[in-house]
Structure formats: C-alpha cells, structure tokens
$ cat query.cif   # mmCIF, C-alpha atoms
data_run
loop_
_atom_site.label_atom_id
_atom_site.label_comp_id
_atom_site.auth_asym_id
_atom_site.auth_seq_id
_atom_site.Cartn_x
_atom_site.Cartn_y
_atom_site.Cartn_z
CA MET A 1 4.60 8.02 -14.82
CA ARG A 2 6.62 9.52 -17.64
CA ILE A 3 7.16 13.22 -16.96
CA LEU A 4 8.77 15.96 -19.06
CA VAL A 5 10.49 18.76 -17.14
CA ILE A 6 10.79 21.93 -19.24
CA GLU A 7 13.22 24.20 -17.42
CA ASP A 8 16.06 26.42 -18.67
CA ASP A 9 17.92 26.37 -15.32
CA ALA A 10 20.07 23.24 -15.48
CA ARG A 11 20.55 23.06 -11.72
CA ALA A 12 16.82 23.33 -11.01
CA ALA A 13 16.09 20.76 -13.71
CA GLU A 14 18.65 18.33 -12.27
CA HIS A 15 16.99 18.61 -8.84
CA LEU A 16 13.54 17.99 -10.29
CA VAL A 17 14.49 15.12 -12.58
CA GLY A 18 16.55 13.46 -9.86
CA GLY A 19 13.74 13.70 -7.32
CA LEU A 20 11.21 12.25 -9.73
CA ARG A 21 13.47 9.36 -10.68
CA GLU A 22 14.12 8.57 -7.01
CA ARG A 23 10.37 8.02 -6.71
CA ALA A 24 10.34 5.55 -9.61
CA HIS A 25 9.00 7.95 -12.27
CA GLU A 26 10.55 8.32 -15.71
CA ALA A 27 11.68 11.92 -16.18
CA ASP A 28 13.15 13.71 -19.21
CA TRP A 29 14.54 17.23 -19.43
CA ALA A 30 13.86 19.82 -22.12
CA ARG A 31 16.26 22.75 -21.75
CA ASP A 32 13.99 25.50 -23.14
CA GLY A 33 10.55 26.20 -24.57
CA ILE A 34 11.45 25.23 -28.12
CA ASP A 35 12.91 21.89 -27.04
CA GLY A 36 9.92 21.38 -24.75
CA LEU A 37 7.45 22.09 -27.55
CA ASP A 38 9.16 19.57 -29.80
CA ARG A 39 9.34 16.79 -27.18
CA ALA A 40 5.87 17.31 -25.73
CA SER A 41 4.21 17.48 -29.15
CA ARG A 42 5.46 13.99 -29.94
CA GLY A 43 3.37 12.65 -27.05
CA GLY A 44 4.08 9.78 -24.70
CA TYR A 45 4.15 11.84 -21.50
CA ASP A 46 1.74 11.60 -18.59
CA ALA A 47 2.48 15.10 -17.28
CA LEU A 48 4.51 18.24 -18.01
CA ILE A 49 6.29 20.43 -15.45
CA VAL A 50 6.84 23.78 -17.12
CA ASP A 51 8.95 26.73 -15.99
CA ARG A 52 6.98 29.79 -16.99
CA MET A 53 9.84 32.25 -17.56
CA MET A 54 12.28 30.96 -20.18
CA PRO A 55 14.26 32.83 -22.85
CA GLY A 56 13.15 32.57 -26.47
CA LEU A 57 9.85 30.76 -26.12
CA ASP A 58 8.45 31.16 -22.62
CA GLY A 59 6.32 28.55 -20.91
CA LEU A 60 3.07 30.43 -21.42
CA GLU A 61 3.44 30.68 -25.19
CA MET A 62 4.82 27.16 -25.45
CA LEU A 63 1.76 25.71 -23.72
CA LYS A 64 -0.62 27.77 -25.87
CA ARG A 65 1.02 26.31 -28.98
CA LEU A 66 0.85 22.79 -27.58
CA ARG A 67 -2.86 23.11 -26.87
CA ALA A 68 -3.45 24.54 -30.35
CA MET A 69 -1.72 21.46 -31.76
CA GLY A 70 -4.15 19.21 -29.86
CA CYS A 71 -1.74 18.08 -27.14
CA ASP A 72 -3.75 17.51 -23.96
CA THR A 73 -0.98 16.26 -21.66
CA PRO A 74 -1.65 17.72 -18.17
CA ALA A 75 0.72 20.58 -17.34
CA LEU A 76 1.80 22.25 -14.13
CA PHE A 77 3.48 25.66 -14.21
CA LEU A 78 6.39 26.39 -11.87
CA THR A 79 7.04 30.08 -11.47
CA ALA A 80 8.12 32.87 -9.17
CA LEU A 81 5.14 34.94 -10.36
CA ASP A 82 2.59 34.68 -7.58
CA GLN A 83 -0.07 37.28 -8.40
CA VAL A 84 -3.64 36.15 -9.07
CA ASP A 85 -3.48 37.58 -12.60
CA HIS A 86 -0.41 35.47 -13.34
CA ARG A 87 -2.13 32.28 -12.14
CA VAL A 88 -5.20 33.11 -14.24
CA GLU A 89 -3.00 33.62 -17.31
CA GLY A 90 -1.35 30.26 -16.77
CA LEU A 91 -4.64 28.42 -16.35
CA ARG A 92 -6.16 30.11 -19.39
CA ALA A 93 -3.11 29.14 -21.44
CA GLY A 94 -4.01 25.51 -20.79
CA ALA A 95 -2.26 24.55 -17.54
CA GLU A 96 -4.12 22.34 -15.09
CA ASP A 97 -2.17 23.55 -12.04
CA TYR A 98 0.18 26.31 -10.93
CA LEU A 99 2.83 26.15 -8.19
CA VAL A 100 4.81 29.14 -6.97
CA LYS A 101 8.55 28.96 -6.26
CA PRO A 102 9.98 28.20 -3.78
CA TYR A 103 7.96 25.03 -3.39
CA ALA A 104 8.05 21.86 -1.29
CA PHE A 105 8.94 18.84 -3.43
CA PRO A 106 6.36 16.55 -1.74
CA GLU A 107 3.66 19.04 -2.72
CA LEU A 108 4.88 19.16 -6.32
CA LEU A 109 4.90 15.36 -6.44
CA ALA A 110 1.38 15.10 -5.01
CA ARG A 111 0.05 17.65 -7.49
CA ILE A 112 1.64 15.93 -10.49
CA GLU A 113 0.35 12.52 -9.42
CA GLY A 114 -3.08 14.08 -8.93
CA LEU A 115 -3.04 15.45 -12.49
CA ALA A 116 -2.23 12.02 -13.88
CA ARG A 117 -5.01 10.38 -11.85
CA ARG A 118 -7.58 12.87 -13.10
CA ARG A 119 -6.53 12.23 -16.70
CA THR A 120 -6.87 8.46 -16.35
CA PRO A 121 -9.55 8.01 -13.70
CA GLU A 122 -9.62 4.75 -11.81
CA ALA A 123 -12.74 2.92 -10.75
CA ALA A 124 -14.77 5.01 -8.37
CA VAL A 125 -13.44 4.76 -4.84
CA THR A 126 -16.15 4.51 -2.18
CA LYS A 127 -14.04 3.66 0.86
CA LEU A 128 -10.70 4.90 2.17
CA ARG A 129 -8.74 2.94 4.77
CA LEU A 130 -5.59 3.18 6.84
CA ALA A 131 -4.96 0.51 9.47
CA ASP A 132 -8.22 0.27 11.47
CA LEU A 133 -9.46 3.70 10.33
CA GLU A 134 -12.12 3.53 7.62
CA MET A 135 -14.05 6.23 5.76
CA ASP A 136 -17.18 5.41 3.75
CA LEU A 137 -17.57 8.16 1.15
CA LEU A 138 -21.11 7.16 0.21
CA ALA A 139 -22.51 6.79 3.71
CA ARG A 140 -20.36 9.72 4.92
CA THR A 141 -19.27 7.74 7.98
CA VAL A 142 -15.93 7.22 9.72
CA THR A 143 -14.99 4.37 12.05
CA ARG A 144 -11.87 3.35 13.90
CA ALA A 145 -11.51 -0.15 15.31
CA GLY A 146 -15.23 -0.52 14.59
CA ASP A 147 -16.17 2.56 16.66
CA ARG A 148 -18.25 5.24 14.96
CA ILE A 149 -16.51 8.65 14.92
CA ASP A 150 -18.68 11.72 14.47
CA LEU A 151 -17.04 14.43 12.36
CA GLN A 152 -18.18 17.86 11.31
CA PRO A 153 -18.36 18.40 7.50
CA ARG A 154 -15.06 20.30 7.40
CA GLU A 155 -13.36 17.67 9.54
CA PHE A 156 -14.65 14.99 7.17
CA ARG A 157 -13.18 16.82 4.16
CA LEU A 158 -9.89 17.29 6.00
CA LEU A 159 -9.64 13.61 6.88
CA GLU A 160 -10.60 12.60 3.34
CA GLU A 161 -7.77 14.70 1.89
CA LEU A 162 -5.29 13.19 4.34
CA LEU A 163 -6.50 9.64 3.65
CA ARG A 164 -6.24 10.12 -0.11
CA HIS A 165 -2.57 11.02 0.46
CA SER A 166 -1.82 8.59 3.29
CA GLY A 167 1.90 8.05 3.70
CA GLN A 168 2.62 11.40 2.03
CA VAL A 169 3.18 14.85 3.49
CA VAL A 170 0.18 17.10 2.85
CA THR A 171 1.18 20.74 3.07
CA ARG A 172 -0.82 23.60 4.56
CA THR A 173 -1.19 25.08 1.08
CA MET A 174 -2.71 21.87 -0.25
CA LEU A 175 -5.18 21.74 2.64
CA LEU A 176 -6.15 25.40 2.27
CA GLU A 177 -6.85 24.89 -1.44
CA SER A 178 -8.63 21.54 -1.23
CA VAL A 179 -10.56 21.87 2.03
CA TRP A 180 -11.07 25.62 2.48
CA ASP A 181 -10.83 26.71 -1.19
CA TYR A 182 -8.22 29.33 -0.35
CA HIS A 183 -5.61 29.95 -3.04
CA PHE A 184 -3.29 31.80 -0.71
CA ASP A 185 -2.15 31.55 2.91
CA PRO A 186 -4.20 34.02 4.94
CA GLN A 187 -1.99 33.55 8.02
CA THR A 188 -4.81 31.85 9.86
CA ASN A 189 -4.69 29.12 12.47
CA VAL A 190 -7.79 27.42 11.03
CA ILE A 191 -5.79 24.38 9.96
CA ASP A 192 -4.13 23.97 13.36
CA VAL A 193 -7.49 24.15 15.13
CA HIS A 194 -9.11 21.56 12.87
CA ILE A 195 -6.08 19.25 12.95
CA SER A 196 -6.16 19.34 16.75
CA ARG A 197 -9.87 18.47 16.81
CA LEU A 198 -9.45 15.73 14.24
CA ARG A 199 -6.50 14.20 16.11
CA SER A 200 -8.49 14.07 19.34
CA LYS A 201 -11.29 12.20 17.56
CA ILE A 202 -9.38 9.64 15.49
CA ASP A 203 -6.30 9.05 17.71
CA LYS A 204 -7.30 9.57 21.34
CA GLY A 205 -7.70 6.18 22.98
CA TYR A 206 -6.38 4.27 19.95
CA ASP A 207 -2.98 2.81 19.12
CA PRO A 208 -0.94 3.60 17.15
CA PRO A 209 -1.54 7.32 16.57
CA LEU A 210 -2.10 7.92 12.86
CA LEU A 211 -2.07 11.69 12.40
CA LYS A 212 1.44 13.15 12.46
CA THR A 213 2.70 16.71 12.25
CA VAL A 214 5.75 17.01 9.99
CA ARG A 215 7.43 20.14 11.29
CA GLY A 216 8.03 22.78 8.66
CA ALA A 217 6.23 20.74 6.00
CA GLY A 218 2.64 19.82 6.90
CA TYR A 219 0.76 16.75 8.07
CA MET A 220 0.68 13.04 7.31
CA LEU A 221 -1.51 10.05 8.02
CA THR A 222 0.65 6.98 8.56
CA ALA A 223 0.40 3.74 10.52
CA ASP A 224 4.14 3.44 11.18
CA GLY A 225 3.63 4.32 14.84
CA GLU A 226 6.26 7.06 14.93
CA ALA A 227 5.52 10.21 16.89
#

$ encode --input "query.cif" --output "structure tokens"
Amino acid sequence: MRILVIEDDARAAEHLVGGLRERAHEADWARDGIDGLDRASRGGYDALIVDRMMPGLDGLEMLKRLRAMGCDTPALFLTALDQVDHRVEGLRAGAEDYLVKPYAFPELLARIEGLARRRTPEAAVTKLRLADLEMDLLARTVTRAGDRIDLQPREFRLLEELLRHSGQVVTRTMLLESVWDYHFDPQTNVIDVHISRLRSKIDKGYDPPLLKTVRGAGYMLTADGEA
C-alpha cells in the first residue's frame, strides 16, 4: 500500500514511516495539515494516517476540506483525545477509524490494512484456513484435522477475527470492538474466559497448538509451533 502520514511531530512521523516501510508499504510524510491537504488532494494514496492536533490546519479541518474536494482516501485519526465526543467528531469529519495514543503498532497496521481492504474488496471469502483448522463461513462450521468442533456464536466470531488476522497480533481492543462491540476497555475478563474456552476446543489434543498469547500485546493464531 501507499500511505501518507500527516504528523507534525518529526520523531513520531519517523517511527510511523519507518515501521510501515519495514513491512513493505510505501510511506510518505506530510509535516503539517497544509502539506497533508496538498499531498492527499493529488491522490495516489491507499490510506491516510492523520494526527488530529496540528498547528495551523488541524487534522479535523484538513480532513473536512479533503472530503469537500471529493477525496475519498480512507483515513485513520491518531490522537490523544479519547472522549466519545472526540471520536464522534473525527468520524463525522470523514475518518473511517480512530486510534488513541499511545497505541500498539501491530494494531495500527491491522486497522490501516483493514481500511484498504474495505475500499477495494476482494472476492467474497467463504472459508478461512490455518494449517488443519478450517472455518466455513457459509455453513458456520469449524473443523480441525477433519474433526467437527462445536463453537458458541461468540466463540465463532472470536475465532473468525483471529483467523482473518492469522500471523498477526490481535489486541484486546480490537477484539472488544469487533467481537463484543465495545469501544472502550471495561476492565473485564470476558476475553480471557473466551480465549481459554476457544483454546481448549481448537488446540487440546492437536499438534501444534495454534492459539498463542502474546504477553502485553494480545493474541495470535499461528502454525509456527512456538509456545
């Protein structure tokens, strides 16, 4: 993907651009809202990462102007403002997503890649697979090594989210928003309980274990066999 980072903090921008390039994306840097407006309006980008609070032309106003000009490039706001009203303002200004600082880079990457996929949808996916684990989205069935695994609806949604991001860390925040529709962390152990149940169903008695806990980050489905 070609991504434009619009961020007035040079150090933060360097971290973002460097991380994106390490993952084989093209990334450019606009140093403020005016520069960002000029670059983004010319097109050619698959996604925008926009710092909301910038001097001169802030991210909110910049995105409003872009949308008024007909630019529909998906945008994600990065900001320290974490109130519901602030998120609503950002979404109404034309952003597709909103991530609060400090953030985990794997989550930012997953969200940006998700925005690009939604903009250019691929052929409908009906089955998800990892090693000998298979999920049929139409039949709503899950098998491992040919064995039928019975999952509750929430467990099915949880496994689907993990399979769609197999090989990537899926954070607690991402799971709360996609599986439980929470847009905040309610300090609940609901994720831990469901992860434990899911692990006992898809990994117990099978080798290698697929569902990993990445301490301090989240969870990952991977067939690399590491604990």

$ atom_distance --input "query.cif" --atom1 "CA of Glu107 (chain A)" --atom2 "CA of Val169 (chain A)"
7.5 Å

$ closest_residue --input "query.cif" --among "A:Trp180, A:Leu133, A:Ala110, A:Thr173" --to "Asp203 (chain A)" --atoms "all atoms listed in the file"
A:Leu133

$ closest_atom_pairs --input "query.cif" --of "region 39-139 of chain A" --to "region 24-30 of chain A" --cutoff "10 Å" --atoms "only C-alpha atoms" --output "tab-separated table"
residue	atom	partner	partner_atom	distance
A:Arg39	CA	A:Ala30	CA	7.4
A:Ala40	CA	A:Ala30	CA	9.1
A:Tyr45	CA	A:Ala27	CA	9.2
A:Asp46	CA	A:Glu26	CA	9.8
A:Ala47	CA	A:Ala27	CA	9.8
A:Leu48	CA	A:Ala27	CA	9.7
A:Ile49	CA	A:Trp29	CA	9.7
A:Val50	CA	A:Ala30	CA	9.5

$ atom_distance --input "query.cif" --atom1 "CA of Arg144 (chain A)" --atom2 "CA of Leu109 (chain A)"
29.0 Å

$ closest_atom_pairs --input "query.cif" --of "region 102-170 of chain A" --to "region 64-80 of chain A" --cutoff "8 Å" --atoms "all atoms listed in the file" --output "Markdown table"
| residue | atom | partner | partner_atom | distance |
| --- | --- | --- | --- | --- |
| A:Pro102 | CA | A:Ala80 | CA | 7.4 |
| A:Ile112 | CA | A:Leu76 | CA | 7.3 |
| A:Leu115 | CA | A:Pro74 | CA | 6.3 |
| A:Ala116 | CA | A:Pro74 | CA | 7.2 |
| A:Arg119 | CA | A:Pro74 | CA | 7.5 |

$ write_last_selection --input "query.cif" --atoms "C-alpha atoms" --output "PDB file, keeping the file's coordinate frame"
ATOM      1  CA  PRO A 102       9.980  28.200  -3.780  1.00  0.00           C
ATOM      2  CA  ILE A 112       1.640  15.930 -10.490  1.00  0.00           C
ATOM      3  CA  LEU A 115      -3.040  15.450 -12.490  1.00  0.00           C
ATOM      4  CA  ALA A 116      -2.230  12.020 -13.880  1.00  0.00           C
ATOM      5  CA  ARG A 119      -6.530  12.230 -16.700  1.00  0.00           C
TER       6      ARG A 119
END

$ resolve_selection --input "query.cif" --expression "the PyMOL selection byres ((chain A and resi 59) around 10)" --output "list in words"
Ile6, Glu7, Asp32, Gly33, Ile34, Gly36, Leu37, Ile49, Val50, Asp51, Arg52, Met53, Met54, Pro55, Gly56, Leu57, Asp58, Leu60, Glu61, Met62, Leu63, Lys64, Arg65, Phe77, Leu78, Thr79, Gly90 and Ala93 of chain A

$ write_last_selection --input "query.cif" --atoms "C-alpha atoms" --output "tab-separated table (two decimals), keeping the file's coordinate frame"
chain	number	residue	atom	x	y	z
A	6	ILE	CA	10.79	21.93	-19.24
A	7	GLU	CA	13.22	24.20	-17.42
A	32	ASP	CA	13.99	25.50	-23.14
A	33	GLY	CA	10.55	26.20	-24.57
A	34	ILE	CA	11.45	25.23	-28.12
A	36	GLY	CA	9.92	21.38	-24.75
A	37	LEU	CA	7.45	22.09	-27.55
A	49	ILE	CA	6.29	20.43	-15.45
A	50	VAL	CA	6.84	23.78	-17.12
A	51	ASP	CA	8.95	26.73	-15.99
A	52	ARG	CA	6.98	29.79	-16.99
A	53	MET	CA	9.84	32.25	-17.56
A	54	MET	CA	12.28	30.96	-20.18
A	55	PRO	CA	14.26	32.83	-22.85
A	56	GLY	CA	13.15	32.57	-26.47
A	57	LEU	CA	9.85	30.76	-26.12
A	58	ASP	CA	8.45	31.16	-22.62
A	60	LEU	CA	3.07	30.43	-21.42
A	61	GLU	CA	3.44	30.68	-25.19
A	62	MET	CA	4.82	27.16	-25.45
A	63	LEU	CA	1.76	25.71	-23.72
A	64	LYS	CA	-0.62	27.77	-25.87
A	65	ARG	CA	1.02	26.31	-28.98
A	77	PHE	CA	3.48	25.66	-14.21
A	78	LEU	CA	6.39	26.39	-11.87
A	79	THR	CA	7.04	30.08	-11.47
A	90	GLY	CA	-1.35	30.26	-16.77
A	93	ALA	CA	-3.11	29.14	-21.44

$ resolve_selection --input "query.cif" --expression "the PyMOL selection byres ((chain A and resi 136) around 12)" --output "list of chain:residue names"
A:Val125, A:Thr126, A:Lys127, A:Leu128, A:Arg129, A:Leu133, A:Glu134, A:Met135, A:Leu137, A:Leu138, A:Ala139, A:Arg140, A:Thr141, A:Val142, A:Thr143, A:Arg144, A:Arg148, A:Ile149, A:Phe156, A:Leu159, A:Glu160, A:Leu163

$ resolve_selection --input "query.cif" --expression "the PyMOL selection byres ((chain A and resi 200) around 12)" --output "JSON, numbers by chain"
{"A": [149, 150, 151, 155, 193, 194, 195, 196, 197, 198, 199, 201, 202, 203, 204, 205, 206, 209, 210, 211]}

$ closest_residue --input "query.cif" --among "A:Met1, A:Asp224, A:Lys101, A:Gly43" --to "Ala131 (chain A)" --atoms "all atoms listed in the file"
A:Asp224

$ closest_residue --input "query.cif" --among "A:Asp192, A:Glu113, A:Asp132, A:Glu177" --to "Ile3 (chain A)" --atoms "only C-alpha atoms"
A:Glu113

$ atom_distance --input "query.cif" --atom1 "CA of Leu20 (chain A)" --atom2 "CA of Thr213 (chain A)"
24.0 Å

$ closest_residue --input "query.cif" --among "A:Ile191, A:Asp35, A:Lys212, A:Met174" --to "Tyr98 (chain A)" --atoms "all atoms listed in the file"
A:Met174

$ closest_residue --input "query.cif" --among "A:Val88, A:Val5, A:Leu176, A:Val214" --to "Arg21 (chain A)" --atoms "only C-alpha atoms"
A:Val5

$ axis_aligned_box --input "query.cif" --around "region 30-47 of chain A" --padding-each-side "4 Å" --output "JSON"
{"center_x": 9.0, "center_y": 18.0, "center_z": -23.6, "size_x": 22.5, "size_y": 24.4, "size_z": 20.7}
